[in-house]
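This report concerns only the one structure given below.
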Amino acid sequence: MVKGRNEELIDTEHLRSFARRGRALDIVQQTRYQLGMQQWGLKPVSERLSEILIVGQAEKVTLEIGFGDGANLLAMARAYPDRLFLGVEVYISGILKVLRGIEEQQLSNLYLYDGDAWDLLSTLPDACLDQCYVLFPDPWPKRRHHKRRLLQVKFLRLLRARCTSEAKLVVATDWQEYAEFISKELSTSGCWRCAQCLELTDRCEQDSCTRLLVTKFESKGLAQQRTIYQFNCTACELADTPTIHDQLSNNN
Ligand SMILES: C[S@@+](CC[C@H](N)C(=O)[O-])C[C@H]1O[C@@H](n2cnc3c(N)ncnc32)[C@H](O)[C@@H]1O
């Protein structure tokens with residue numbers, strides 16, 4: 001795994017892309033949460049990643065950002081046991097659901113970060129991910145809230161730095177105006193190429209979209225007759241961003 005990090009891409013000033021972290025847990029949930037996260041939690045990130053990668057020898061690593069109730073994350077981890085899955089979410093009930101799923105389905109290839117995706121990406125080493133999913137991120141529809149949207153150039157560039165040069169990114173939304181916004185941000189970022197942009201309106205077409213299931217927020221969108229926009233992207237060179245090798249040779 002590449003050890004260097006593009007530190008200049010870390011933005012500590014960003015606005016939160018989520019409104020709440022979830023409700024208080026009762027004592028049983030707290031215990032389940034603490035025990036679960038001791039085993040499947042990703043904090044502290046670098047120590048945990050070193051242990052996980054050594055034990056699993058994983059080269060294929062998928063990250064799902066904002067996994068919600070975790071149905072897609074659990075389905076992927078079950079379907080691809082040779083792949084390592086990381087999930088990041090701030091919604092505590094979602095984390096608990098996935099912890100329960102890991103236990104019930106006896107999965108051993110899925111780890112969770114409870115917190116902001118910005119914080120996880122700021123801590124991950126470069127080039128450690130080869131797949132990333134961002135499914136139905138909060139659209140923040142009011143114009144004055146657009147700055148809270150997760151998928152903006154800075155975030156896309158930080159994500160790209162943490163991905164390999166062959167990495168794939170899948171983004172989906174049921175909000176047309178956010179889809180247009182995402183398309184512009186992807187193109188402005190200069191580091192993700194949209195290889196395919198799908199517009200899906202029912203479950204049949206869904207089968208061609210390379211995802212295993214319809215997520216909770218996707219089914220809400222479909223129930224309201226919304227079109228699903230899915231961007232299947234591939235990584236491009238991180239232009240204008242010094243690589244760790246550039247930085248080292250500049251220091252010499
Ligand atoms: C609209 S929901 C979609 C959930 C799920 N992907 C689905 O399709 O059903 C967006 C999710 O992203 C999470 N989220 C938003 N911003 C986040 C961030 N910065 N880091 C981690 N999770 C975030 C929210 O807590 C929420 O669960």
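Labeling convention for the structure tokens: chains A, B, ... as they appear, residues from 1 per chain, ligands from 1 in order of appearance.
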Determine, counting only C-alpha atoms, which protein, DNA and RNA residues have an atom within 9 Å of an atom of Leu169 in chain A; residues of the same chain fewer than 5 positions away are not included. Present the result as a PyMOL selection string.
chain A and resi 130-134+192+194+231-235
Residues within 6 Å of ligand 1 (only C-alpha atoms and all ligand atoms), as a ChimeraX atom specification?
/A:17-18,65-68,88-91,115-118,135-138,215-218
For the residues selected in the previous step, produce a file with C-alpha atoms as a compact mmCIF listing (two decimals), in the first residue's frame.
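Output below, filename result-v1.txt:
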# COMPACT_ATOMS: atom_id res chain seq x y z
CA SER A 17 -22.95 17.42 4.41
CA PHE A 18 -25.25 15.85 7.03
CA ILE A 65 -19.74 6.54 1.56
CA GLY A 66 -23.02 7.32 3.36
CA PHE A 67 -24.27 3.72 3.34
CA GLY A 68 -27.52 4.54 5.21
CA VAL A 88 -18.47 5.30 6.35
CA GLU A 89 -21.67 6.71 7.85
CA VAL A 90 -22.67 9.23 10.52
CA TYR A 91 -26.12 7.69 11.07
CA GLY A 115 -18.07 9.65 11.33
CA ASP A 116 -17.65 12.13 8.54
CA ALA A 117 -16.35 10.81 5.20
CA TRP A 118 -14.10 13.87 5.01
CA LEU A 135 -25.36 6.22 -3.50
CA PHE A 136 -28.07 8.83 -3.11
CA PRO A 137 -26.07 11.42 -1.18
CA ASP A 138 -28.21 14.08 0.52
CA THR A 215 -31.21 1.05 -1.89
CA LYS A 216 -33.73 2.48 0.56
CA PHE A 217 -33.46 6.03 -0.78
CA GLU A 218 -33.47 4.79 -4.35
If we count only C-alpha atoms, what is near Cys197 in chain A at a cut-off of 12 Å, once residues fewer than 6 positions away on the same chain are taken out, given as a CSV table (one decimal) with C-alpha atoms, in the first residue's frame?
chain,number,residue,atom,x,y,z
A,169,LEU,CA,-16.4,5.4,-8.7
A,170,VAL,CA,-20.1,4.8,-8.8
A,171,VAL,CA,-22.4,7.8,-7.9
A,172,ALA,CA,-26.2,7.7,-8.1
A,173,THR,CA,-28.9,10.3,-7.3
A,179,ALA,CA,-27.2,15.1,-11.1
A,180,GLU,CA,-26.4,18.1,-13.3
A,182,ILE,CA,-22.5,16.3,-9.9
A,183,SER,CA,-21.8,16.0,-13.6
A,186,LEU,CA,-16.9,15.6,-11.9
A,208,SER,CA,-28.1,-3.2,-16.1
A,209,CYS,CA,-26.7,-0.7,-13.7
A,228,ILE,CA,-32.3,7.6,-11.2
A,229,TYR,CA,-29.1,9.1,-12.6
A,230,GLN,CA,-26.0,6.9,-12.2
A,231,PHE,CA,-22.5,7.9,-13.1
A,232,ASN,CA,-20.0,5.1,-13.6
A,233,CYS,CA,-16.6,6.8,-13.5
A,234,THR,CA,-13.0,5.8,-13.9
Atomic distance CA of Lys43 in chain A - CA of Gln30 in chain A, expressed in Å with one decimal:
17.0 Å
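Remark: for Met37 in chain A, the closest of the candidate residues A:Ile92, A:Leu212, A:Ala161, A:Ala19 is A:Ile92 (distances computed over only C-alpha atoms).
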Restricting the calculation to only C-alpha atoms, which member of A:Leu35, A:Leu86, A:Leu63, A:Ala79 is positioned closest to Arg100 in chain A?
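Using only C-alpha atoms, the shortest distance to Arg100 in chain A belongs to A:Leu35.
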Give the alpha helix (DSSP H) residues of range 111-189 of chain A, as DSSP finds them on the backbone, and put them as a ChimeraX atom specification.
/A:117-123,153-161,176-189
File dump, residues just selected, C-alpha atoms, as an mmCIF file, in the first residue's frame:
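Saved the output as out20.cif:
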data_model
loop_
_atom_site.group_PDB
_atom_site.id
_atom_site.type_symbol
_atom_site.label_atom_id
_atom_site.label_comp_id
_atom_site.auth_asym_id
_atom_site.auth_seq_id
_atom_site.Cartn_x
_atom_site.Cartn_y
_atom_site.Cartn_z
ATOM 1 C CA ALA A 117 -16.347 10.806 5.204
ATOM 2 C CA TRP A 118 -14.096 13.874 5.011
ATOM 3 C CA ASP A 119 -12.353 12.773 8.215
ATOM 4 C CA LEU A 120 -11.914 9.214 6.993
ATOM 5 C CA LEU A 121 -10.520 10.327 3.631
ATOM 6 C CA SER A 122 -8.206 12.814 5.332
ATOM 7 C CA THR A 123 -6.666 9.938 7.296
ATOM 8 C CA VAL A 153 -14.563 19.304 -6.609
ATOM 9 C CA LYS A 154 -12.487 19.358 -3.425
ATOM 10 C CA PHE A 155 -14.066 16.184 -2.106
ATOM 11 C CA LEU A 156 -13.766 14.413 -5.464
ATOM 12 C CA ARG A 157 -10.075 15.287 -5.651
ATOM 13 C CA LEU A 158 -9.386 14.060 -2.119
ATOM 14 C CA LEU A 159 -11.277 10.840 -2.886
ATOM 15 C CA ARG A 160 -9.306 10.418 -6.102
ATOM 16 C CA ALA A 161 -6.007 10.748 -4.204
ATOM 17 C CA GLN A 176 -32.074 15.788 -11.410
ATOM 18 C CA GLU A 177 -30.582 19.142 -10.463
ATOM 19 C CA TYR A 178 -28.010 17.423 -8.197
ATOM 20 C CA ALA A 179 -27.191 15.075 -11.087
ATOM 21 C CA GLU A 180 -26.402 18.095 -13.272
ATOM 22 C CA PHE A 181 -24.355 19.594 -10.428
ATOM 23 C CA ILE A 182 -22.451 16.303 -9.929
ATOM 24 C CA SER A 183 -21.765 16.040 -13.647
ATOM 25 C CA LYS A 184 -20.189 19.526 -13.629
ATOM 26 C CA GLU A 185 -18.178 18.863 -10.466
ATOM 27 C CA LEU A 186 -16.865 15.567 -11.880
ATOM 28 C CA SER A 187 -15.789 17.302 -15.037
ATOM 29 C CA THR A 188 -14.250 20.313 -13.215
ATOM 30 C CA SER A 189 -12.389 18.014 -10.819
#
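With CA of Pro81 in chain A on one side and CA of Arg48 in chain A on the other, the separation reads 19.2 Å.
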Have a look at A:Arg149, A:Thr227, A:Tyr111, A:Gly36 and name the one nearest to Glu51 in chain A; count only C-alpha atoms.
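Closest candidate: A:Tyr111.
Neighbouring residues of Leu124 in chain A at 9 Å or closer, counting only C-alpha atoms and skipping chain neighbours under 3 positions away, are A:Arg5, A:Val45, A:Ser46, A:Leu49, A:Asp119, A:Leu120, A:Leu121, A:Ala127, A:Cys128, A:Arg162.
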With N, CA and C atoms kept, could you save the residues just selected as an mmCIF file, in the first residue's frame?
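New file part06.cif:
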data_model
loop_
_atom_site.group_PDB
_atom_site.id
_atom_site.type_symbol
_atom_site.label_atom_id
_atom_site.label_comp_id
_atom_site.auth_asym_id
_atom_site.auth_seq_id
_atom_site.Cartn_x
_atom_site.Cartn_y
_atom_site.Cartn_z
ATOM 1 N N ARG A 5 0.732 10.737 1.377
ATOM 2 C CA ARG A 5 -0.598 11.326 1.334
ATOM 3 C C ARG A 5 -0.528 12.719 0.746
ATOM 4 N N VAL A 45 -7.445 4.866 12.236
ATOM 5 C CA VAL A 45 -7.478 4.360 10.870
ATOM 6 C C VAL A 45 -6.182 3.666 10.444
ATOM 7 N N SER A 46 -5.035 4.333 10.624
ATOM 8 C CA SER A 46 -3.835 3.729 10.039
ATOM 9 C C SER A 46 -3.471 2.420 10.733
ATOM 10 N N LEU A 49 -6.050 -0.232 9.618
ATOM 11 C CA LEU A 49 -5.854 -0.648 8.225
ATOM 12 C C LEU A 49 -4.655 -1.577 8.098
ATOM 13 N N ASP A 119 -13.369 13.139 7.214
ATOM 14 C CA ASP A 119 -12.353 12.773 8.215
ATOM 15 C C ASP A 119 -11.692 11.446 7.854
ATOM 16 N N LEU A 120 -12.509 10.499 7.388
ATOM 17 C CA LEU A 120 -11.914 9.214 6.993
ATOM 18 C C LEU A 120 -10.940 9.418 5.837
ATOM 19 N N LEU A 121 -11.386 10.144 4.809
ATOM 20 C CA LEU A 121 -10.520 10.327 3.631
ATOM 21 C C LEU A 121 -9.271 11.124 3.983
ATOM 22 N N ALA A 127 -3.974 6.017 -2.613
ATOM 23 C CA ALA A 127 -4.035 4.839 -3.483
ATOM 24 C C ALA A 127 -4.377 3.542 -2.763
ATOM 25 N N CYS A 128 -5.266 3.609 -1.760
ATOM 26 C CA CYS A 128 -5.609 2.372 -1.053
ATOM 27 C C CYS A 128 -6.979 1.822 -1.467
ATOM 28 N N ARG A 162 -7.019 9.084 -2.763
ATOM 29 C CA ARG A 162 -7.018 7.862 -1.942
ATOM 30 C C ARG A 162 -7.292 6.616 -2.791
#
